[in-house]
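What follows is a single structure, written as structure tokens, with notes after it.
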Amino acid sequence: MPEKTLDTLGLGRPELRAWAMYDWANSAFFTTVVAAVFPIYFSSVAAADLPPAVATAHFATATTFALVVIAVFAPFLGALADYAAVRKKLLAAFLVVGVLSTAGLFFVHHGDWQLAAALFILGNIGVSGSFVFYDSLLPHIASDGEMDRVSTAGYALGYVGGGMLLALNLAWIQYPHFFGIPDSAAAARLSFLSVAVWWVVFSLPLFRSVPEPPGQPQVKGMHRSGLFRATVAQVSGTLAELRLYKQALLMLVAFLLYNDGIGTIIRMATVYGTEIGISQGALITAILLVQVIGIPFSFLFGSLAGRIGAKAGIFLALAVYTLVSLVGYFMTTALHFFILAVLVGMVQGGSQALSRSLFASLIPREKSSEFFGFFAICEKFAGIFGPAIFAGMILATGSSRNAILSVILFFVAGGILLACVNVAEGRRVARETEATALMKS
């Protein structure tokens with residue numbers, strides 16, 4: 001691909017391409033495990049002996065527990081990464097947890113819903129924890145003018161990578177005998193193993209080509225207990241300093257609210273579709289459709305942000321997500337699910353990529369991991385409240401439809417707060433802080 005085209009897409013330098021490839025690598029977990037194959041396998045095989053609504057509630061509860069764990073520890077891990085310059089090492093540690101847990105799903109059989117839930121929890125902790133350090137590398141490799149394009153390029157490559165493996169997994173499940181696989185259940189278990197391998201292989205460019213940003217010079221030779229105390233003090237200091245970054249803080253709260261709705265739709269759509277009787281083939285094909293549509297639209301959102309701004313791009317995505325919730329409430333057929341998939345594919349990558357890059361532009365680079373630790377809190381608690389409400393509504397009403405409709409409230413509330421974010425002021429404060437820190441060093 002010509003260098004000018006790569007530059008336009010946000011992939012003009014080797015370190016940018018290597019960074020974006022981690023989205024390619026881990027997206028297989030989200031497409032196959034979180035969104036498509038595992039929710040169906042959990043409901044129809046691992047939890048086959050349970051009533052469908054109860055199986056859905058257990059799936060939502062497992063999701064909630066995993067996100068609580070990473071939300072609690074993310075700020076401290078982020079502070080440690082900034083202070084000791086161990087972003088890539090911690091990313092690798094969480095990657096190993098996620099990969100081994102995902103591979104372990106191969107051993108889940110009929111009735112093993114407790115094992116399935118435990119491994120799913122660990123897999124979510126692994127992938128979510130790795131994102132704290134992955135996201136925090138963005139402002140160190142991309143300039144302010146590049147961040148929107150680089151972030152959306154990462155999501156676009158994620159759609160390509162996740163979609164390619166999901167397509168292969170779908171072929172295995174739909175035509176197992178053609179590939180020499182005994183049945184669809186065995187094909188589903190094999191797909192989990194393929195995700196683990198895919199995740200490891202395509203993560204390697206990041207570790208080879210993305211440099212580790214510097215940490216604090218006083219860390220060298222510091223005892224572990226001293227490093228622990230310094231990390232805790234760093235988090236406490238940043239909490240106190242958040243008032244100085246009012247726009248970043250406001251962005252965090254807005255993101256917490258609207259991403260709650262986005263996360264609920266992503267994580268619960270397939271298991272909800274299974275509950276109302278949509279076939280496995282239709283569900284997985286629709287998820288694959290999301291990946292295909294997401295590729296050009298992610299790049300489009302990066303280009304659009306250059307013209308109208310990242311904030312306006314997020315507003316556009318939230319309007320489409322409101323429509324998605326309405327479609328989900330009235331959904332009864334596979335056609336409805338395909339319409340929902342098209343709408344989600346148009347905005348899923350763009351909304352999340354622009355949220356990531358907008359926040360990155362509002363924070364000082366030397367504290368990127370720590371601030372993205374707080375970003376992770378908002379992201380994970382957004383994933384906690386939605387599935388928790390989803391599970392509660394199921395238990396209270398016996399139906400998932402009211403929970404789907406209630407998601408709109410999160411988009412409206414988040415959008416109102418986002419409108420209050422003064423992007424220019426937030427960026428000015430962050431850059432002034434960086435300049436002051438540079439002069440002191």
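Simple scheme: letters A, B, ... for chains in structure tokens order, numbers from 1 for residues in each chain, numbers from 1 for ligands in the order shown.
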Legend entry - Contacts of Ile181 (chain A) at 12 Å (only C-alpha atoms; same-chain gap of 4+ positions) as a list in words: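 That gives Asn169, Ala171, Trp172, Ile173, Gln174, Tyr175, Pro176, His177, Ala185, Ala186, Ala187, Ala188, Arg189, Leu190 and Ser191 of chain A.
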Legend entry - A:Leu67, A:Ile404, A:Ala310, A:Ile278 ranked by distance to Ile262 (chain A), top pick (using only C-alpha atoms):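 Under the stated criterion, the closest residue is A:Ile404.
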Inset, instruction - Write out as an MDAnalysis selection string each polymer residue whose atoms come within 6 Å of region 90-98 of chain A, counting only C-alpha atoms; drop sequence neighbours fewer than 4 positions from it. - result: chainID A and resid 123 126:127 129:130 133
Inset, instruction - Find the distance between CA of Lys311 (chain A) and CA of Ala142 (chain A) and write it in Å to one decimal. - result: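 Taking CA of Lys311 (chain A) and CA of Ala142 (chain A), their separation equals 18.8 Å.
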Inset, instruction - Tell me which of A:Ile314, A:Ala28, A:Val108, A:Ala419 sits closest to Gln348 (chain A), counting only C-alpha atoms. - result: A:Ile314
